[in-house]
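Shown next: work_4.txt, containing compact mmCIF, N, CA, C and O atoms.
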# COMPACT_ATOMS: atom_id res chain seq x y z
N MET A 194 -33.03 4.78 -8.39
CA MET A 194 -33.73 5.20 -9.59
C MET A 194 -35.04 5.86 -9.16
O MET A 194 -35.78 5.33 -8.35
N ARG A 195 -35.33 7.00 -9.72
CA ARG A 195 -36.60 7.68 -9.49
C ARG A 195 -37.56 7.27 -10.58
O ARG A 195 -37.34 7.54 -11.76
N ILE A 196 -38.61 6.60 -10.18
CA ILE A 196 -39.56 6.04 -11.14
C ILE A 196 -40.15 7.12 -12.03
O ILE A 196 -40.20 7.00 -13.24
N ARG A 197 -40.56 8.22 -11.43
CA ARG A 197 -41.20 9.29 -12.20
C ARG A 197 -40.27 9.83 -13.27
O ARG A 197 -40.65 10.00 -14.43
N ASP A 198 -39.03 10.09 -12.91
CA ASP A 198 -38.07 10.67 -13.87
C ASP A 198 -37.58 9.65 -14.89
O ASP A 198 -37.33 9.99 -16.04
N GLU A 199 -37.43 8.39 -14.47
CA GLU A 199 -36.81 7.38 -15.33
C GLU A 199 -37.79 6.64 -16.23
O GLU A 199 -37.40 6.16 -17.28
N LEU A 200 -39.05 6.52 -15.82
CA LEU A 200 -39.99 5.69 -16.59
C LEU A 200 -41.20 6.42 -17.15
O LEU A 200 -41.59 6.18 -18.29
N PHE A 201 -41.80 7.29 -16.37
CA PHE A 201 -43.05 7.93 -16.80
C PHE A 201 -42.83 8.74 -18.08
O PHE A 201 -41.90 9.52 -18.19
N GLY A 202 -43.70 8.51 -19.05
CA GLY A 202 -43.63 9.25 -20.31
C GLY A 202 -42.75 8.61 -21.36
O GLY A 202 -42.74 9.04 -22.51
N LYS A 203 -42.00 7.55 -21.01
CA LYS A 203 -41.14 6.90 -22.00
C LYS A 203 -41.99 6.10 -22.99
O LYS A 203 -42.98 5.47 -22.62
N GLU A 204 -41.58 6.15 -24.25
CA GLU A 204 -42.25 5.35 -25.26
C GLU A 204 -41.85 3.89 -25.10
O GLU A 204 -40.70 3.58 -24.80
N VAL A 205 -42.83 3.01 -25.33
CA VAL A 205 -42.59 1.57 -25.27
C VAL A 205 -42.74 1.01 -26.68
O VAL A 205 -43.74 1.27 -27.35
N LEU A 206 -41.72 0.27 -27.10
CA LEU A 206 -41.69 -0.29 -28.45
C LEU A 206 -41.76 -1.81 -28.38
O LEU A 206 -41.14 -2.42 -27.50
N ASP A 207 -42.48 -2.42 -29.31
CA ASP A 207 -42.50 -3.88 -29.37
C ASP A 207 -41.25 -4.37 -30.08
O ASP A 207 -40.39 -3.58 -30.48
N ALA A 208 -41.13 -5.67 -30.26
CA ALA A 208 -39.94 -6.25 -30.88
C ALA A 208 -39.77 -5.83 -32.34
O ALA A 208 -38.66 -5.88 -32.88
N ASP A 209 -40.85 -5.38 -32.98
CA ASP A 209 -40.79 -4.91 -34.36
C ASP A 209 -40.56 -3.40 -34.43
O ASP A 209 -40.74 -2.79 -35.48
N ILE A 210 -40.21 -2.81 -33.31
CA ILE A 210 -39.94 -1.38 -33.17
C ILE A 210 -41.16 -0.52 -33.51
O ILE A 210 -41.05 0.55 -34.07
N GLN A 211 -42.33 -1.02 -33.17
CA GLN A 211 -43.57 -0.26 -33.31
C GLN A 211 -43.95 0.30 -31.94
O GLN A 211 -43.86 -0.41 -30.94
N ILE A 212 -44.35 1.55 -31.89
CA ILE A 212 -44.74 2.16 -30.62
C ILE A 212 -46.06 1.56 -30.16
O ILE A 212 -47.04 1.56 -30.90
N VAL A 213 -46.07 1.06 -28.92
CA VAL A 213 -47.30 0.49 -28.38
C VAL A 213 -47.93 1.40 -27.32
O VAL A 213 -49.06 1.19 -26.91
N GLY A 214 -47.20 2.41 -26.88
CA GLY A 214 -47.74 3.36 -25.92
C GLY A 214 -46.64 4.04 -25.13
O GLY A 214 -45.45 3.91 -25.45
N LYS A 215 -47.06 4.79 -24.13
CA LYS A 215 -46.13 5.47 -23.22
C LYS A 215 -46.45 5.06 -21.80
O LYS A 215 -47.62 4.82 -21.46
N VAL A 216 -45.43 5.00 -20.96
CA VAL A 216 -45.62 4.63 -19.57
C VAL A 216 -46.36 5.76 -18.85
O VAL A 216 -45.90 6.90 -18.85
N SER A 217 -47.51 5.42 -18.27
CA SER A 217 -48.28 6.42 -17.52
C SER A 217 -48.29 6.13 -16.03
O SER A 217 -48.60 7.01 -15.23
N ASP A 218 -47.94 4.90 -15.66
CA ASP A 218 -47.93 4.52 -14.25
C ASP A 218 -47.21 3.19 -14.12
O ASP A 218 -46.87 2.56 -15.13
N VAL A 219 -46.98 2.76 -12.90
CA VAL A 219 -46.38 1.45 -12.65
C VAL A 219 -47.19 0.75 -11.56
O VAL A 219 -47.89 1.39 -10.78
N VAL A 220 -47.07 -0.57 -11.52
CA VAL A 220 -47.69 -1.37 -10.47
C VAL A 220 -46.57 -1.93 -9.62
O VAL A 220 -45.60 -2.49 -10.15
N LEU A 221 -46.67 -1.73 -8.30
CA LEU A 221 -45.64 -2.20 -7.38
C LEU A 221 -46.15 -3.37 -6.56
O LEU A 221 -47.33 -3.42 -6.21
N ASP A 222 -45.25 -4.31 -6.26
CA ASP A 222 -45.55 -5.37 -5.31
C ASP A 222 -45.57 -4.72 -3.93
O ASP A 222 -44.61 -4.05 -3.54
N LYS A 223 -46.65 -4.90 -3.20
CA LYS A 223 -46.80 -4.19 -1.92
C LYS A 223 -45.83 -4.68 -0.85
O LYS A 223 -45.57 -3.97 0.12
N ASP A 224 -45.29 -5.88 -1.00
CA ASP A 224 -44.37 -6.40 0.00
C ASP A 224 -42.91 -6.05 -0.31
O ASP A 224 -42.15 -5.70 0.58
N THR A 225 -42.53 -6.14 -1.58
CA THR A 225 -41.12 -5.92 -1.95
C THR A 225 -40.87 -4.55 -2.57
O THR A 225 -39.73 -4.15 -2.73
N TYR A 226 -41.94 -3.86 -2.94
CA TYR A 226 -41.85 -2.56 -3.61
C TYR A 226 -41.14 -2.64 -4.96
O TYR A 226 -40.64 -1.66 -5.47
N GLU A 227 -41.12 -3.82 -5.55
CA GLU A 227 -40.57 -4.00 -6.88
C GLU A 227 -41.65 -3.69 -7.91
O GLU A 227 -42.83 -3.96 -7.69
N ILE A 228 -41.23 -3.16 -9.04
CA ILE A 228 -42.17 -2.89 -10.13
C ILE A 228 -42.53 -4.23 -10.77
O ILE A 228 -41.65 -4.98 -11.19
N THR A 229 -43.82 -4.54 -10.81
CA THR A 229 -44.27 -5.78 -11.43
C THR A 229 -44.82 -5.57 -12.83
O THR A 229 -44.72 -6.45 -13.67
N ASP A 230 -45.41 -4.40 -13.08
CA ASP A 230 -46.01 -4.11 -14.38
C ASP A 230 -45.85 -2.63 -14.72
O ASP A 230 -45.79 -1.78 -13.83
N LEU A 231 -45.80 -2.37 -16.01
CA LEU A 231 -45.87 -1.00 -16.52
C LEU A 231 -47.29 -0.76 -17.02
O LEU A 231 -47.88 -1.62 -17.67
N VAL A 232 -47.84 0.39 -16.71
CA VAL A 232 -49.15 0.78 -17.22
C VAL A 232 -48.91 1.68 -18.43
O VAL A 232 -48.26 2.72 -18.31
N LEU A 233 -49.39 1.25 -19.59
CA LEU A 233 -49.18 1.99 -20.82
C LEU A 233 -50.45 2.70 -21.24
O LEU A 233 -51.54 2.13 -21.21
N LYS A 234 -50.27 3.92 -21.66
CA LYS A 234 -51.37 4.67 -22.27
C LYS A 234 -51.09 4.69 -23.75
O LYS A 234 -49.98 4.99 -24.19
N LYS A 235 -52.10 4.33 -24.53
CA LYS A 235 -51.93 4.32 -25.98
C LYS A 235 -51.69 5.74 -26.49
O LYS A 235 -52.18 6.70 -25.90
N THR A 236 -50.95 5.84 -27.57
CA THR A 236 -50.63 7.15 -28.14
C THR A 236 -51.18 7.26 -29.55
O THR A 236 -51.61 6.27 -30.14
N GLY A 237 -51.17 8.46 -30.07
CA GLY A 237 -51.59 8.68 -31.45
C GLY A 237 -53.09 8.73 -31.61
O GLY A 237 -53.83 9.10 -30.70
N PHE A 238 -53.57 8.32 -32.77
CA PHE A 238 -54.97 8.40 -33.13
C PHE A 238 -55.86 7.58 -32.19
O PHE A 238 -56.94 8.01 -31.82
N SER A 239 -55.38 6.40 -31.80
CA SER A 239 -56.19 5.55 -30.92
C SER A 239 -56.43 6.20 -29.57
O SER A 239 -57.44 5.97 -28.93
N GLU A 240 -55.50 7.05 -29.14
CA GLU A 240 -55.67 7.76 -27.87
C GLU A 240 -56.81 8.77 -27.98
O GLU A 240 -57.55 8.99 -27.02
N GLN A 241 -56.97 9.39 -29.13
CA GLN A 241 -58.00 10.39 -29.32
C GLN A 241 -59.39 9.76 -29.37
O GLN A 241 -60.37 10.36 -28.95
N ILE A 242 -59.49 8.54 -29.88
CA ILE A 242 -60.77 7.87 -29.99
C ILE A 242 -61.26 7.40 -28.62
O ILE A 242 -62.37 7.65 -28.22
N LYS A 243 -60.40 6.73 -27.90
CA LYS A 243 -60.79 6.13 -26.63
C LYS A 243 -59.58 6.04 -25.72
O LYS A 243 -58.53 5.53 -26.12
N ALA A 244 -59.72 6.56 -24.52
CA ALA A 244 -58.63 6.45 -23.55
C ALA A 244 -58.56 5.01 -23.08
O ALA A 244 -59.55 4.46 -22.60
N SER A 245 -57.43 4.39 -23.24
CA SER A 245 -57.29 3.02 -22.79
C SER A 245 -55.88 2.80 -22.25
O SER A 245 -54.94 3.50 -22.60
N GLU A 246 -55.78 1.80 -21.38
CA GLU A 246 -54.51 1.47 -20.77
C GLU A 246 -54.27 -0.02 -20.92
O GLU A 246 -55.22 -0.81 -20.97
N ASN A 247 -53.02 -0.39 -20.99
CA ASN A 247 -52.61 -1.79 -21.02
C ASN A 247 -51.57 -2.02 -19.95
O ASN A 247 -50.76 -1.13 -19.67
N LEU A 248 -51.57 -3.21 -19.38
CA LEU A 248 -50.53 -3.60 -18.43
C LEU A 248 -49.51 -4.46 -19.15
O LEU A 248 -49.87 -5.38 -19.88
N VAL A 249 -48.23 -4.15 -18.93
CA VAL A 249 -47.16 -4.95 -19.49
C VAL A 249 -46.32 -5.47 -18.33
O VAL A 249 -45.72 -4.68 -17.59
N PRO A 250 -46.26 -6.80 -18.15
CA PRO A 250 -45.44 -7.36 -17.07
C PRO A 250 -43.96 -7.05 -17.31
O PRO A 250 -43.49 -7.04 -18.45
N MET A 251 -43.24 -6.81 -16.24
CA MET A 251 -41.82 -6.48 -16.35
C MET A 251 -41.02 -7.62 -16.98
O MET A 251 -39.97 -7.37 -17.57
N GLU A 252 -41.54 -8.86 -16.92
CA GLU A 252 -40.84 -9.98 -17.54
C GLU A 252 -40.75 -9.82 -19.05
O GLU A 252 -39.92 -10.46 -19.70
N LEU A 253 -41.61 -8.98 -19.63
CA LEU A 253 -41.59 -8.77 -21.08
C LEU A 253 -40.68 -7.62 -21.50
O LEU A 253 -40.51 -7.39 -22.69
N VAL A 254 -40.11 -6.92 -20.55
CA VAL A 254 -39.22 -5.79 -20.86
C VAL A 254 -37.82 -6.32 -21.13
O VAL A 254 -37.24 -7.05 -20.33
N LYS A 255 -37.28 -5.94 -22.29
CA LYS A 255 -35.94 -6.38 -22.68
C LYS A 255 -34.90 -5.34 -22.27
O LYS A 255 -33.89 -5.67 -21.67
N VAL A 256 -35.16 -4.07 -22.62
CA VAL A 256 -34.19 -3.00 -22.37
C VAL A 256 -34.92 -1.74 -21.96
O VAL A 256 -35.96 -1.40 -22.53
N ILE A 257 -34.36 -1.04 -20.96
CA ILE A 257 -34.85 0.29 -20.60
C ILE A 257 -33.72 1.26 -20.87
O ILE A 257 -32.64 1.14 -20.29
N GLY A 258 -33.96 2.19 -21.77
CA GLY A 258 -33.00 3.22 -22.11
C GLY A 258 -33.77 4.50 -22.40
O GLY A 258 -34.68 4.86 -21.66
N ASP A 259 -33.44 5.16 -23.50
CA ASP A 259 -34.21 6.33 -23.91
C ASP A 259 -35.66 5.93 -24.20
O ASP A 259 -36.58 6.71 -24.03
N LYS A 260 -35.82 4.70 -24.66
CA LYS A 260 -37.13 4.11 -24.90
C LYS A 260 -37.11 2.74 -24.22
O LYS A 260 -36.06 2.23 -23.85
N ILE A 261 -38.28 2.13 -24.08
CA ILE A 261 -38.37 0.80 -23.48
C ILE A 261 -38.68 -0.19 -24.59
O ILE A 261 -39.65 -0.02 -25.32
N LEU A 262 -37.84 -1.20 -24.73
CA LEU A 262 -38.00 -2.21 -25.76
C LEU A 262 -38.51 -3.50 -25.13
O LEU A 262 -37.96 -3.97 -24.13
N LEU A 263 -39.57 -4.05 -25.72
CA LEU A 263 -40.14 -5.30 -25.23
C LEU A 263 -39.50 -6.49 -25.93
O LEU A 263 -38.99 -6.38 -27.05
N LYS A 264 -39.51 -7.63 -25.25
CA LYS A 264 -38.96 -8.86 -25.82
C LYS A 264 -39.83 -9.35 -26.96
O LYS A 264 -41.04 -9.14 -26.99
N GLY A 265 -39.19 -10.02 -27.90
CA GLY A 265 -39.91 -10.65 -29.01
C GLY A 265 -40.04 -12.13 -28.76
O GLY A 265 -39.60 -12.64 -27.72
N GLU A 266 -40.60 -12.84 -29.71
CA GLU A 266 -40.79 -14.29 -29.58
C GLU A 266 -39.46 -15.01 -29.38
O GLU A 266 -39.40 -16.00 -28.67
N ASP A 267 -38.41 -14.52 -30.03
CA ASP A 267 -37.09 -15.17 -29.91
C ASP A 267 -36.51 -15.02 -28.52
O ASP A 267 -35.65 -15.80 -28.12
N ASP A 268 -36.95 -14.00 -27.79
CA ASP A 268 -36.41 -13.73 -26.45
C ASP A 268 -37.15 -14.50 -25.36
O ASP A 268 -36.69 -14.56 -24.22
N LEU A 269 -38.32 -15.03 -25.68
CA LEU A 269 -39.13 -15.70 -24.64
C LEU A 269 -38.78 -17.14 -24.46
O LEU A 269 -38.26 -17.85 -25.09

Written form, structure tokens:
Amino acid sequence: MRIRDELFGKEVLDADIQIVGKVSDVVLDKDTYEITDLVLKKTGFSEQIKASENLVPMELVKVIGDKILLKGEDDL
């Protein structure tokens, strides 16, 4: 899997199908080279006000497809 092609720019949705941001980068474990976190850049109006990023641990990712869906309370 090519990280840049497969993940960067994908929209991330919470369990309520609300957009929480787009993947702008990833954090890798330096020993295993596994992705540990997704770095999200907020989108929409909040992006225009202030550039901010959030880290989402991979343990919270439910599905990666055309969009990335995060787990809800029922999944944890």

*Tell me, as a ChimeraX atom specification, which residues lie within 4.5 Å of segment 230-235 of chain A, counting all atoms listed in the file; anything in the same chain fewer than 2 positions away does not count.*
/A:213-220,228,240,245-251

*Enumerate the residues of chain A with a DSSP assignment of strand (DSSP E or B), computed from the backbone, and present them as an MDAnalysis selection string.*
chainID A and resid 204:206 212:221 228:234 246:250 254:257 261:263

*Rounded to one decimal place, report the atom N of Glu199 of chain A-atom N of Leu263 of chain A distance in Å.*
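Between atom N of Glu199 of chain A and atom N of Leu263 of chain A the gap is 16.9 Å.
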
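Across the structure, atom O of Phe201 of chain A and atom O of Leu269 of chain A are spaced 28.5 Å apart.
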
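Atom C of Ile261 of chain A to atom CA of Arg195 of chain A spans 17.2 Å [interatomic distance, one decimal].
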
I'd like the box whose edges run along x, y and z of the file and which contains every listed atom of segment 249-259 of chain A, padded by 5 Å per side; could you state its centre and edge lengths in Å, one decimal, as lines of an AutoDock Vina configuration file?
center_x = -40.4
center_y = -1.9
center_z = -20.2
size_x = 25.6
size_y = 27.2
size_z = 18.0

_Please return as a list in words every residue within 10 Å of (-42.9, -9.1, -30.4), taking into account only C-alpha atoms and the file's own coordinates._
Leu206, Asp207, Ala208, Asp209, Ile210, Gln211, Leu253, Leu262, Leu263, Lys264, Gly265, Glu266, Asp267, Asp268 and Leu269 of chain A

*Determine which residues of chain A receive a DSSP assignment of helix (DSSP H, G or I), computed from the backbone, and state them as a ChimeraX atom specification.*
/A:196-199,238-242,251-253,266-268

*Between A:Thr225, A:Thr236, A:Lys203, A:Arg197, which one has atoms that come closest to Ile257 of chain A, using only C-alpha atoms?*
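Of the candidates, the smallest distance to Ile257 of chain A is held by A:Lys203.
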